[in-house]
Amino acid sequence: DSLRNYLVPVLVVNKEKAPRMTDNAENVWVYHEKQEALLCGQHALNNLLQGPAFTAHQLSQIAHQLDALELEYMAQNNEGGTRSTDYQRRLQEGSTNVDEAGNFSIQVLKAALQEHYHIVLDYLNDDVLKGKDITDVQGFICHKSDHWFAIRNIGGRFWNLNSTFERPEAVSHFALATEMQQTKKLGYTIFAIPSGLPPAGRKKGSAGKNWHRMSDLLQGKSTESDPWENLQGRGMRLDGSAAGGNGGLGSAVMAIDGLSEEEQIAIAMQQSLEPCVPVARTVTEDYTIPDEPVKGEKGSCRIQLRMPDGSRLVRPFRTADLVGGIYALVLNKCDGRPFTLMAGFPPKDLADVKSKSIGEAGLAGESIQGRYV
């Protein structure tokens, strides 16, 4: 019922203002990547942007940069530096932002959109809509567990571009509110992109198998393509090396016995974009742990927490809850040991926003990293 309160009214108010559909559906093209391995994060981004904007290698580089920033922070702030237990354990874990199958974290997708398109992923709520109808939003990214998919307005229609679908599926303006409501009930976190997406509807380059004429889609069929059009060279691993070569993301999980401190720092700094030196602080304010919102409550969100001891926790909050409440929750599980919480790309210390609400701090649907200091 949470989303129904502000989505379902669209069914009424939009009847008079639903945009006119494109006259010539034969000239409108819809880009749709289908599922490969666990690369749904890459597919969701490219389907949202309506073109092959990101390769798996590019996204894996961003993932490595995020890993390197986290390791650099730990090396500079943990007692014992690269020899500390936390650092050694984190190094052995390998990447926390991508696995070998290509499943990318939310931080990678956010960083890719922000760094390359200046687009900020915001959790779908009243603050994002700001009195607008949901049909005024350009696109959406939906996330649950290890799956991502995009919904985008193309040619005057909304299209569900789920990479597990055989082809894009049309979503009418009048049904969009219900679609979002049902998606949320299935446990998905929904991010909205009100504006700023690249133009859509025109075919770019080749990649014929991924392009469909709207006229074909409206008839329930895919657009046939030349089977030889996309024949390419040899395959590539996620780390950019040739298939069958050495290396890969799995090399992050390595035996580190015998490495010098300089070698370990080199591993941590590999592919790092820039230094990140946050100030470690201890919680001193008196914040309380907020109650969990009921399932489906309006204004609720989920936050993924990586606790300072390395354990993981996914916990619902209200966007009106203070960030300090997250600190209180972590502190309660840390036996009073000092710690820091960081989020975003590059990672930023959240100590300065403890008095702000989760919504104001932009942490709804975010993943937060905790470390002992």
# chains A, B, ... in the order shown; residues from 1 in each chain; ligands from 1
>>> select_by_dssp(residues="range 96-179 of chain A", states="helix (DSSP H, G or I)", output="list in words")
Ile106, Gln107, Val108, Leu109, Lys110, Ala111, Ala112, Leu113, Gln114, Glu115, His116, Tyr117, Asp126, Asp127, Val128, Leu129, Ile134, Thr135, Asp136, His173, Phe174, Ala175, Leu176, Ala177, Thr178 and Glu179 of chain A
>>> write_last_selection(atoms="C-alpha atoms", output="short mmCIF file (atom, residue, chain, number, x, y, z; two decimals), in the first residue's frame")
data_model
loop_
_atom_site.label_atom_id
_atom_site.label_comp_id
_atom_site.auth_asym_id
_atom_site.auth_seq_id
_atom_site.Cartn_x
_atom_site.Cartn_y
_atom_site.Cartn_z
CA ILE A 106 25.10 -1.14 -6.54
CA GLN A 107 28.12 1.10 -5.95
CA VAL A 108 29.51 0.16 -9.36
CA LEU A 109 26.29 1.05 -11.18
CA LYS A 110 25.95 4.32 -9.27
CA ALA A 111 29.57 5.26 -9.92
CA ALA A 112 29.29 4.45 -13.64
CA LEU A 113 26.24 6.66 -14.13
CA GLN A 114 27.60 9.48 -11.99
CA GLU A 115 31.11 9.55 -13.42
CA HIS A 116 30.21 9.16 -17.11
CA TYR A 117 26.73 10.70 -17.38
CA ASP A 126 7.91 11.55 -2.88
CA ASP A 127 11.09 13.67 -2.72
CA VAL A 128 12.19 12.44 -6.14
CA LEU A 129 8.79 12.94 -7.73
CA ILE A 134 5.41 8.98 -12.16
CA THR A 135 4.97 9.04 -15.94
CA ASP A 136 7.11 12.21 -16.04
CA HIS A 173 1.24 5.01 -19.04
CA PHE A 174 -1.92 3.97 -17.27
CA ALA A 175 -0.39 0.66 -16.13
CA LEU A 176 3.00 2.08 -15.06
CA ALA A 177 1.85 2.84 -11.51
CA THR A 178 0.58 -0.71 -11.04
CA GLU A 179 3.77 -2.12 -12.56
#
>>> residues_around(residues="Ile303 in chain A", least_positions_apart="3", cutoff="8 Å", atoms="only C-alpha atoms", output="list in words")
Val314, Arg315, Pro316, Phe317, Leu363, Ala364, Gly365, Glu366, Ser367 and Ile368 of chain A
>>> select_by_dssp(residues="range 36-211 of chain A", states="strand (DSSP E)", output="mmCIF file with N, CA, C and O atoms, in the first residue's frame")
data_model
loop_
_atom_site.group_PDB
_atom_site.id
_atom_site.type_symbol
_atom_site.label_atom_id
_atom_site.label_comp_id
_atom_site.auth_asym_id
_atom_site.auth_seq_id
_atom_site.Cartn_x
_atom_site.Cartn_y
_atom_site.Cartn_z
ATOM 1 N N ASP A 122 18.515 7.921 -7.580
ATOM 2 C CA ASP A 122 17.761 8.251 -6.377
ATOM 3 C C ASP A 122 16.676 7.211 -6.143
ATOM 4 O O ASP A 122 16.027 6.749 -7.085
ATOM 5 N N TYR A 123 16.489 6.883 -4.872
ATOM 6 C CA TYR A 123 15.430 5.954 -4.495
ATOM 7 C C TYR A 123 14.076 6.576 -4.821
ATOM 8 O O TYR A 123 13.839 7.757 -4.563
ATOM 9 N N GLY A 139 13.191 7.195 -16.637
ATOM 10 C CA GLY A 139 13.528 5.779 -16.544
ATOM 11 C C GLY A 139 13.671 5.310 -15.111
ATOM 12 O O GLY A 139 13.712 6.107 -14.163
ATOM 13 N N PHE A 140 13.765 4.003 -14.963
ATOM 14 C CA PHE A 140 13.876 3.380 -13.648
ATOM 15 C C PHE A 140 14.872 2.224 -13.729
ATOM 16 O O PHE A 140 15.017 1.576 -14.765
ATOM 17 N N ILE A 141 15.549 1.989 -12.614
ATOM 18 C CA ILE A 141 16.347 0.770 -12.450
ATOM 19 C C ILE A 141 15.819 0.054 -11.217
ATOM 20 O O ILE A 141 15.658 0.667 -10.150
ATOM 21 N N CYS A 142 15.542 -1.226 -11.362
ATOM 22 C CA CYS A 142 14.988 -2.033 -10.281
ATOM 23 C C CYS A 142 16.013 -3.086 -9.866
ATOM 24 O O CYS A 142 16.652 -3.710 -10.715
ATOM 25 N N HIS A 143 16.131 -3.294 -8.549
ATOM 26 C CA HIS A 143 17.165 -4.194 -8.035
ATOM 27 C C HIS A 143 16.618 -5.075 -6.934
ATOM 28 O O HIS A 143 15.922 -4.618 -6.025
ATOM 29 N N LYS A 144 16.921 -6.364 -7.034
ATOM 30 C CA LYS A 144 16.589 -7.320 -5.984
ATOM 31 C C LYS A 144 17.656 -8.392 -5.964
ATOM 32 O O LYS A 144 17.919 -9.028 -6.988
ATOM 33 N N HIS A 147 19.789 -9.379 -9.118
ATOM 34 C CA HIS A 147 19.212 -9.068 -10.434
ATOM 35 C C HIS A 147 18.862 -7.591 -10.555
ATOM 36 O O HIS A 147 18.378 -6.971 -9.608
ATOM 37 N N TRP A 148 19.152 -7.056 -11.734
ATOM 38 C CA TRP A 148 18.851 -5.673 -12.085
ATOM 39 C C TRP A 148 18.074 -5.650 -13.391
ATOM 40 O O TRP A 148 18.314 -6.469 -14.270
ATOM 41 N N PHE A 149 17.161 -4.712 -13.544
ATOM 42 C CA PHE A 149 16.564 -4.472 -14.852
ATOM 43 C C PHE A 149 16.097 -3.024 -14.946
ATOM 44 O O PHE A 149 15.914 -2.338 -13.931
ATOM 45 N N ALA A 150 15.924 -2.557 -16.184
ATOM 46 C CA ALA A 150 15.576 -1.157 -16.437
ATOM 47 C C ALA A 150 14.205 -1.046 -17.083
ATOM 48 O O ALA A 150 13.755 -1.941 -17.800
ATOM 49 N N ILE A 151 13.549 0.078 -16.817
ATOM 50 C CA ILE A 151 12.320 0.486 -17.503
ATOM 51 C C ILE A 151 12.579 1.877 -18.042
ATOM 52 O O ILE A 151 13.075 2.747 -17.316
ATOM 53 N N ARG A 152 12.243 2.134 -19.319
ATOM 54 C CA ARG A 152 12.611 3.404 -19.949
ATOM 55 C C ARG A 152 11.495 3.879 -20.872
ATOM 56 O O ARG A 152 10.830 3.080 -21.545
ATOM 57 N N ASN A 153 11.303 5.187 -20.909
ATOM 58 C CA ASN A 153 10.366 5.793 -21.847
ATOM 59 C C ASN A 153 11.072 5.968 -23.185
ATOM 60 O O ASN A 153 12.058 6.694 -23.297
ATOM 61 N N ILE A 154 10.544 5.285 -24.211
ATOM 62 C CA ILE A 154 11.122 5.348 -25.554
ATOM 63 C C ILE A 154 9.986 5.511 -26.556
ATOM 64 O O ILE A 154 9.039 4.712 -26.560
ATOM 65 N N ARG A 157 6.365 5.616 -25.206
ATOM 66 C CA ARG A 157 5.871 4.481 -24.445
ATOM 67 C C ARG A 157 6.925 4.054 -23.431
ATOM 68 O O ARG A 157 8.117 4.211 -23.665
ATOM 69 N N PHE A 158 6.464 3.473 -22.335
ATOM 70 C CA PHE A 158 7.403 2.871 -21.392
ATOM 71 C C PHE A 158 7.618 1.417 -21.799
ATOM 72 O O PHE A 158 6.682 0.720 -22.217
ATOM 73 N N TRP A 159 8.894 0.973 -21.645
ATOM 74 C CA TRP A 159 9.260 -0.383 -22.010
ATOM 75 C C TRP A 159 9.984 -1.057 -20.853
ATOM 76 O O TRP A 159 10.916 -0.487 -20.278
ATOM 77 N N ASN A 160 9.534 -2.262 -20.506
ATOM 78 C CA ASN A 160 10.244 -3.075 -19.533
ATOM 79 C C ASN A 160 11.366 -3.786 -20.276
ATOM 80 O O ASN A 160 11.111 -4.615 -21.157
ATOM 81 N N GLU A 169 9.065 -5.391 -23.390
ATOM 82 C CA GLU A 169 7.615 -5.460 -23.246
ATOM 83 C C GLU A 169 7.070 -4.072 -22.928
ATOM 84 O O GLU A 169 7.574 -3.386 -22.023
ATOM 85 N N ALA A 170 6.045 -3.672 -23.667
ATOM 86 C CA ALA A 170 5.462 -2.346 -23.485
ATOM 87 C C ALA A 170 4.690 -2.272 -22.173
ATOM 88 O O ALA A 170 4.031 -3.228 -21.763
ATOM 89 N N VAL A 171 4.784 -1.098 -21.525
ATOM 90 C CA VAL A 171 4.022 -0.806 -20.310
ATOM 91 C C VAL A 171 3.283 0.504 -20.564
ATOM 92 O O VAL A 171 3.915 1.543 -20.762
ATOM 93 N N THR A 189 14.044 -2.966 -4.948
ATOM 94 C CA THR A 189 14.315 -1.564 -4.658
ATOM 95 C C THR A 189 14.288 -0.817 -5.995
ATOM 96 O O THR A 189 14.919 -1.258 -6.961
ATOM 97 N N ILE A 190 13.544 0.285 -6.052
ATOM 98 C CA ILE A 190 13.363 0.997 -7.312
ATOM 99 C C ILE A 190 14.084 2.345 -7.260
ATOM 100 O O ILE A 190 13.882 3.127 -6.327
ATOM 101 N N PHE A 191 14.921 2.588 -8.250
ATOM 102 C CA PHE A 191 15.620 3.858 -8.385
ATOM 103 C C PHE A 191 15.036 4.594 -9.585
ATOM 104 O O PHE A 191 14.724 3.983 -10.611
ATOM 105 N N ALA A 192 14.877 5.901 -9.448
ATOM 106 C CA ALA A 192 14.264 6.704 -10.501
ATOM 107 C C ALA A 192 15.277 7.666 -11.109
ATOM 108 O O ALA A 192 16.122 8.220 -10.399
ATOM 109 N N ILE A 193 15.194 7.850 -12.407
ATOM 110 C CA ILE A 193 16.003 8.835 -13.118
ATOM 111 C C ILE A 193 15.031 9.805 -13.767
ATOM 112 O O ILE A 193 14.532 9.560 -14.874
ATOM 113 N N TRP A 211 18.754 -4.642 -31.308
ATOM 114 C CA TRP A 211 17.866 -3.556 -31.705
ATOM 115 C C TRP A 211 16.548 -4.104 -32.263
ATOM 116 O O TRP A 211 16.528 -5.068 -33.027
#
>>> residues_around(residues="Asn97 in chain A", least_positions_apart="5", cutoff="8 Å", atoms="only C-alpha atoms", output="list in words")
Ala63, His64, Leu66, Asp67, Phe104, Ser105, Gln107 and Val108 of chain A
>>> write_last_selection(atoms="N, CA and C atoms", output="mmCIF file, in the first residue's frame")
data_model
loop_
_atom_site.group_PDB
_atom_site.id
_atom_site.type_symbol
_atom_site.label_atom_id
_atom_site.label_comp_id
_atom_site.auth_asym_id
_atom_site.auth_seq_id
_atom_site.Cartn_x
_atom_site.Cartn_y
_atom_site.Cartn_z
ATOM 1 N N ALA A 63 34.829 -1.385 -10.413
ATOM 2 C CA ALA A 63 34.761 -2.232 -9.214
ATOM 3 C C ALA A 63 36.122 -2.333 -8.548
ATOM 4 N N HIS A 64 37.175 -2.511 -9.340
ATOM 5 C CA HIS A 64 38.522 -2.595 -8.787
ATOM 6 C C HIS A 64 38.938 -1.271 -8.147
ATOM 7 N N LEU A 66 36.973 0.886 -6.735
ATOM 8 C CA LEU A 66 36.282 0.957 -5.447
ATOM 9 C C LEU A 66 36.968 0.062 -4.413
ATOM 10 N N ASP A 67 37.357 -1.136 -4.827
ATOM 11 C CA ASP A 67 38.067 -2.034 -3.918
ATOM 12 C C ASP A 67 39.381 -1.414 -3.455
ATOM 13 N N PHE A 104 27.690 -7.200 -10.485
ATOM 14 C CA PHE A 104 28.247 -5.958 -9.969
ATOM 15 C C PHE A 104 27.418 -5.428 -8.805
ATOM 16 N N SER A 105 28.089 -4.721 -7.901
ATOM 17 C CA SER A 105 27.407 -4.136 -6.756
ATOM 18 C C SER A 105 26.695 -2.853 -7.160
ATOM 19 N N GLN A 107 27.160 -0.004 -5.880
ATOM 20 C CA GLN A 107 28.118 1.105 -5.949
ATOM 21 C C GLN A 107 28.713 1.240 -7.346
ATOM 22 N N VAL A 108 28.940 0.114 -8.013
ATOM 23 C CA VAL A 108 29.512 0.161 -9.360
ATOM 24 C C VAL A 108 28.547 0.835 -10.331
#
>>> residues_around(residues="Pro52 in chain A", least_positions_apart="2", cutoff="9 Å", atoms="only C-alpha atoms", output="ChimeraX atom specification")
/A:31,33,43,45-47,49-50,54-55,204,207
>>> write_last_selection(atoms="C-alpha atoms", output="PDB file, in the first residue's frame")
ATOM      1  CA  TYR A  31      17.769  -1.350 -27.582  1.00  0.00           C
ATOM      2  CA  GLU A  33      20.469  -6.661 -24.229  1.00  0.00           C
ATOM      3  CA  HIS A  43      22.559  -5.023 -19.229  1.00  0.00           C
ATOM      4  CA  LEU A  45      22.716   0.162 -17.504  1.00  0.00           C
ATOM      5  CA  ASN A  46      22.978  -0.277 -21.270  1.00  0.00           C
ATOM      6  CA  ASN A  47      19.248  -0.861 -21.670  1.00  0.00           C
ATOM      7  CA  LEU A  49      21.023   4.309 -21.695  1.00  0.00           C
ATOM      8  CA  GLN A  50      19.744   2.709 -24.929  1.00  0.00           C
ATOM      9  CA  PHE A  54      29.462   0.036 -20.835  1.00  0.00           C
ATOM     10  CA  THR A  55      31.415  -3.168 -21.320  1.00  0.00           C
ATOM     11  CA  LYS A 204      23.255   3.499 -33.033  1.00  0.00           C
ATOM     12  CA  ALA A 207      24.763  -4.665 -32.602  1.00  0.00           C
TER      13      ALA A 207
END
